[in-house]
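Participant: Please see the structure below; I have some questions.
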Amino acid sequence: MIEQFTEAQVQQYREDGFLIVENLIGMDAVEELRGRYDRIFDGQHDLVLWPDELYWQKGRDPEDAHRVLAGLWRVDPVVARHTFGGPFARLACQLEGSSSARLWADVAMYKPEGGKPFDIHQDAAFMCWVEPVWNWTCWIALDDTYADGGTLVYVRGSHKWGPQPAPGTTQITRETMEGWTDYVRQFAPEGEEVELVPLEFGAGSAAFHTGWIWHGSGPNTRPGNIRRSYSVHMIPAASRHHPRIRHRAYSRYFPPGRRDFDDDFFPVLWSEDGYRTPWLDEYADQEIPIDAFSSEAVLTLGEDQIRVEPWATAGA
Ligand SMILES: O=C(O)CCC(=O)C(=O)O
Ligand SMILES: [Fe+2]
């Protein structure tokens with residue numbers, strides 16, 4: 001396990017906008033996560049809470065879509081153990097020069113064989129609901145990745161090209177196999193090439209990236225290849241909610257007028273001074289929850305704990 005990066009690695013991250021770290025997590029973790037993904041994306045999951053964002057559902061959406069689920073930790077305590085216990089926050093803080101990291105979302109992605117591209121984008125362009133706009137990510141491969149296998153692709157150095165407005169719609173997936181890098185080309189400064197860097201490495205390897213780097217993923221045209229990945233997205237602990245710009249999923253966690261982030265909904269994973277949200281380990285150890293809509297709910301309470309005529313004993 002890496003303890004910290006060298007000064008040269010930090011400089012490389014700041015120049016390129018990303019840094020590759022091979023074998024960041026072990027194969028045991030990879031296999032456990034793959035198992036959870038296969039359940040989640042097969043629809044036979046035992047998830048109780050709805051994720052914050054879910055862009056694909058089995059049976060409803062095309063099989064060849066690039067599948068995305070955000071807010072994994074709320075949904076699956078097994079995955080939460082990895083999000084909360086992994087080295088992502090501590091290492092990323094060194095690269096970004098931040099003294100703390102708060103989780104805003106952990107995201108599962110699953111690109112099946114024949115899967116569609118994920119359009120090129122700047123994550124930070126979707127983060128203007130947070131003040132200041134400062135976010136970063138650790139992207140972890142759960143399968144070996146290949147240039148023709150729909151892997152993540154960075155445009156080297158493109159964070160220095162400045163903030164650009166998001167294209168408008170969500171742009172999470174596109175219908176066609178081509179054209180997914182087109183949008184960025186208009187923003188390359190005069191004389192600079194759009195250097196696409198596909199991540200090609202083994203499962204368990206990862207890349208850290210900064211909020212304004214342009215990135216996306218192409219089609220998975222590689223026979224027999226599945227591309228599963230895990231993104232841990234972070235912001236500084238002291239971030240605040242913008243007074244007016246709202247996120248369709250995450251702004252729900254802010255009661256009217258509240259601007260600071262509540263640890264109960266966005267836990268702090270790491271701080272230089274040692275602070276971490278206290279319940280992280282306890283949460284990951286919980287038993288798999290029971291769905292309130294399942295028959296198990298009434299059966300779990302049983303007649304002992306249920307009164308159909310509560311008034312009979314009220315105030316007694
Ligand atoms: O894995 C992908 O295809 C896209 C991932 C991404 O955009 C991210 O992690 O920020
Ligand atoms: Fe992204």
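Each chain in the structure tokens gets a letter, A, B and so on, in the order shown; residues start at 1 in every chain, and ligands are counted from 1 in the order they appear.
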Could you pull out the residues in stretch 82-230 of chain A that DSSP calls strand (DSSP E) from the backbone, as a PyMOL selection string?
Facilitator: chain A and resi 100-111+118-122+130-131+136-141+152-155+196-198+206-210+214-217+227-230
Participant: Please identify every polymer residue within 7 Å of ligand 1, using only C-alpha atoms and all ligand atoms, and present the set as a ChimeraX atom specification.
Facilitator: /A:109,118,123,137,139,151-152,215-217,229,231
Participant: Please dump the current selection as a compact mmCIF listing (two decimals), in the first residue's frame; keep C-alpha atoms.
Facilitator:
```txt
# COMPACT_ATOMS: atom_id res chain seq x y z
CA MET A 109 -20.12 2.18 -13.75
CA PHE A 118 -19.65 8.27 -21.94
CA ASP A 123 -16.62 16.91 -13.59
CA THR A 137 -11.79 11.81 -8.10
CA TRP A 139 -11.23 6.12 -10.59
CA THR A 151 -11.71 2.47 -20.68
CA LEU A 152 -11.43 5.94 -19.18
CA HIS A 215 -12.28 12.94 -19.72
CA GLY A 216 -14.76 10.35 -20.85
CA SER A 217 -14.85 6.80 -22.13
CA SER A 229 -15.25 0.74 -12.52
CA SER A 231 -15.24 6.32 -8.86
```
Participant: So which residues are near ligand 2, meaning at most 12 Å away with only C-alpha atoms and all ligand atoms counted, given back as a VMD selection string?
Facilitator: chain A and resid 68 70 105 to 109 118 to 127 135 to 139 152 to 154 166 170 to 173 207 to 217 229 to 234
Participant: Could the residues in this selection be written to a file with C-alpha atoms, as a PDB file, in the first residue's frame?
Facilitator:
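Below is the file that was written, again-v7.pdb:
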```pdb
ATOM      1  CA  VAL A  68     -24.246   4.387 -13.954  1.00  0.00           C
ATOM      2  CA  ALA A  70     -24.239   7.077  -7.878  1.00  0.00           C
ATOM      3  CA  ALA A 105     -20.507  10.544  -4.245  1.00  0.00           C
ATOM      4  CA  ASP A 106     -19.190   7.089  -4.967  1.00  0.00           C
ATOM      5  CA  VAL A 107     -20.225   5.848  -8.371  1.00  0.00           C
ATOM      6  CA  ALA A 108     -20.441   2.439  -9.997  1.00  0.00           C
ATOM      7  CA  MET A 109     -20.119   2.176 -13.751  1.00  0.00           C
ATOM      8  CA  PHE A 118     -19.652   8.271 -21.944  1.00  0.00           C
ATOM      9  CA  ASP A 119     -19.259  11.767 -23.397  1.00  0.00           C
ATOM     10  CA  ILE A 120     -16.179  13.791 -22.664  1.00  0.00           C
ATOM     11  CA  HIS A 121     -16.767  16.222 -19.783  1.00  0.00           C
ATOM     12  CA  GLN A 122     -15.268  18.221 -16.920  1.00  0.00           C
ATOM     13  CA  ASP A 123     -16.625  16.914 -13.594  1.00  0.00           C
ATOM     14  CA  ALA A 124     -16.322  20.350 -12.015  1.00  0.00           C
ATOM     15  CA  ALA A 125     -18.713  21.861 -14.578  1.00  0.00           C
ATOM     16  CA  PHE A 126     -21.451  19.849 -12.825  1.00  0.00           C
ATOM     17  CA  MET A 127     -20.239  20.928  -9.358  1.00  0.00           C
ATOM     18  CA  ASN A 135     -13.507  18.510  -6.534  1.00  0.00           C
ATOM     19  CA  TRP A 136     -11.418  15.523  -7.495  1.00  0.00           C
ATOM     20  CA  THR A 137     -11.790  11.807  -8.096  1.00  0.00           C
ATOM     21  CA  CYS A 138     -10.149   8.453  -7.741  1.00  0.00           C
ATOM     22  CA  TRP A 139     -11.235   6.118 -10.593  1.00  0.00           C
ATOM     23  CA  LEU A 152     -11.429   5.943 -19.183  1.00  0.00           C
ATOM     24  CA  VAL A 153      -9.625   8.451 -21.399  1.00  0.00           C
ATOM     25  CA  TYR A 154      -8.041  11.724 -20.265  1.00  0.00           C
ATOM     26  CA  ALA A 166     -21.487  21.873 -19.523  1.00  0.00           C
ATOM     27  CA  THR A 170     -26.838  15.250 -18.637  1.00  0.00           C
ATOM     28  CA  GLN A 171     -24.699  13.685 -21.378  1.00  0.00           C
ATOM     29  CA  ILE A 172     -24.123  10.595 -19.298  1.00  0.00           C
ATOM     30  CA  THR A 173     -24.522   8.283 -22.251  1.00  0.00           C
ATOM     31  CA  ALA A 207      -6.093   7.037 -11.595  1.00  0.00           C
ATOM     32  CA  PHE A 208      -6.638  10.215  -9.619  1.00  0.00           C
ATOM     33  CA  HIS A 209      -7.988  13.193 -11.543  1.00  0.00           C
ATOM     34  CA  THR A 210      -8.678  16.830 -10.878  1.00  0.00           C
ATOM     35  CA  GLY A 211     -12.084  18.456 -11.357  1.00  0.00           C
ATOM     36  CA  TRP A 212     -11.413  20.430 -14.534  1.00  0.00           C
ATOM     37  CA  ILE A 213      -9.636  17.735 -16.586  1.00  0.00           C
ATOM     38  CA  TRP A 214     -11.537  16.672 -19.708  1.00  0.00           C
ATOM     39  CA  HIS A 215     -12.280  12.939 -19.717  1.00  0.00           C
ATOM     40  CA  GLY A 216     -14.764  10.348 -20.849  1.00  0.00           C
ATOM     41  CA  SER A 217     -14.847   6.803 -22.135  1.00  0.00           C
ATOM     42  CA  SER A 229     -15.253   0.742 -12.515  1.00  0.00           C
ATOM     43  CA  TYR A 230     -15.615   2.547  -9.255  1.00  0.00           C
ATOM     44  CA  SER A 231     -15.236   6.321  -8.864  1.00  0.00           C
ATOM     45  CA  VAL A 232     -14.819   8.005  -5.494  1.00  0.00           C
ATOM     46  CA  HIS A 233     -15.579  11.729  -5.875  1.00  0.00           C
ATOM     47  CA  MET A 234     -14.461  14.138  -3.168  1.00  0.00           C
TER      48      MET A 234
END
```
Participant: For A:Arg258, which residue among A:Arg240, A:Asp273, A:Asp52, A:Ala141 is the nearest when counting only C-alpha atoms?
Facilitator: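 Selected residue with least distance to A:Arg258: A:Arg240.
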Participant: Can you pull out the residues contacting A:Ser98? Cut-off 9 Å, using only C-alpha atoms, and skip same-chain residues under 6 positions away; I want them as a list of chain:residue names.
Facilitator: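 So the residues in contact are A:Ala92, A:Ile235, A:Pro236, A:Ser271, A:Glu272.
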Participant: Among stretch 88-282 of chain A, which ones does DSSP assign to alpha helix (DSSP H) (computed from the backbone)? Answer as an MDAnalysis selection string.
Facilitator: chainID A and resid 88:96 182:185 280:282
Participant: For those residues, write C-alpha atoms to a file as a short mmCIF file (atom, residue, chain, number, x, y, z; two decimals), in the first residue's frame.
Facilitator:
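Generated output (part39.cif):
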```cif
data_model
loop_
_atom_site.label_atom_id
_atom_site.label_comp_id
_atom_site.auth_asym_id
_atom_site.auth_seq_id
_atom_site.Cartn_x
_atom_site.Cartn_y
_atom_site.Cartn_z
CA PHE A 88 -8.41 7.26 -1.87
CA ALA A 89 -9.00 10.35 0.26
CA ARG A 90 -5.62 10.52 1.97
CA LEU A 91 -3.68 10.09 -1.27
CA ALA A 92 -5.89 12.47 -3.27
CA CYS A 93 -5.48 15.22 -0.65
CA GLN A 94 -1.73 15.19 -1.19
CA LEU A 95 -2.18 15.61 -4.94
CA GLU A 96 -4.78 18.37 -4.64
CA ASP A 182 -15.96 16.12 -30.24
CA TYR A 183 -17.18 18.60 -27.65
CA VAL A 184 -13.75 19.33 -26.16
CA ARG A 185 -12.03 20.12 -29.45
CA LEU A 280 -17.96 5.30 9.18
CA ASP A 281 -16.82 1.95 10.55
CA GLU A 282 -20.11 1.25 12.30
#
```
Participant: Using only C-alpha atoms, pick whichever of A:Arg14, A:Glu3, A:Ala8, A:Glu53 has the shortest atom-to-atom distance to A:Lys160.
Facilitator: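 For A:Lys160, the nearest of the candidates is A:Arg14.
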Participant: What is the atom CA of A:Val194 to atom CA of A:Cys128 distance in Å?
Facilitator: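 Straight-line distance from atom CA of A:Val194 to atom CA of A:Cys128 works out to 25.0 Å.
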Participant: Have a look at atom CA of A:Pro198 and atom CA of A:Ile226 and let me know their distance in Å, one decimal.
Facilitator: 16.0 Å
Participant: Restricting the calculation to only C-alpha atoms, which member of A:Gly149, A:Gly315, A:Ile288, A:Pro132 is positioned closest to A:Arg259?
Facilitator: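 Of the candidates, the smallest distance to A:Arg259 is held by A:Pro132.
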Participant: Between atom CA of A:Val298 and atom CA of A:Val75, what is the distance in Å, rounded to a tenth?
Facilitator: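 Atom-to-atom, atom CA of A:Val298 and atom CA of A:Val75 are spaced 21.5 Å apart.
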Participant: Please list as a PyMOL selection string every residue within 8 Å of A:Trp161, counting only C-alpha atoms and excluding residues in the same chain fewer than 2 positions away.
Facilitator: chain A and resi 157-159+163+187-189
Participant: Mind writing the picked residues with C-alpha atoms as a PDB file, in the first residue's frame?
Facilitator:
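Okay, this is what ended up in out.pdb:
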```pdb
ATOM      1  CA  GLY A 157      -3.156  18.852 -19.416  1.00  0.00           C
ATOM      2  CA  SER A 158      -6.668  19.949 -20.393  1.00  0.00           C
ATOM      3  CA  HIS A 159      -7.591  21.202 -16.891  1.00  0.00           C
ATOM      4  CA  PRO A 163     -13.770  26.042 -17.073  1.00  0.00           C
ATOM      5  CA  PHE A 187     -11.731  24.449 -26.280  1.00  0.00           C
ATOM      6  CA  ALA A 188      -8.153  23.398 -27.104  1.00  0.00           C
ATOM      7  CA  PRO A 189      -6.018  26.558 -27.128  1.00  0.00           C
TER       8      PRO A 189
END
```
Participant: Taking 2 positions as the minimum chain separation for residues in the same chain, which residues sit within 7 Å of A:Val21 when counting only C-alpha atoms? Answer as a count of residues only.
Facilitator: 6
Participant: List the neighbours of A:Pro267 out to 6 Å using only C-alpha atoms; skip same-chain residues closer than 4 positions along the sequence, and give me the result as a VMD selection string.
Facilitator: chain A and resid 102 to 103 263 277
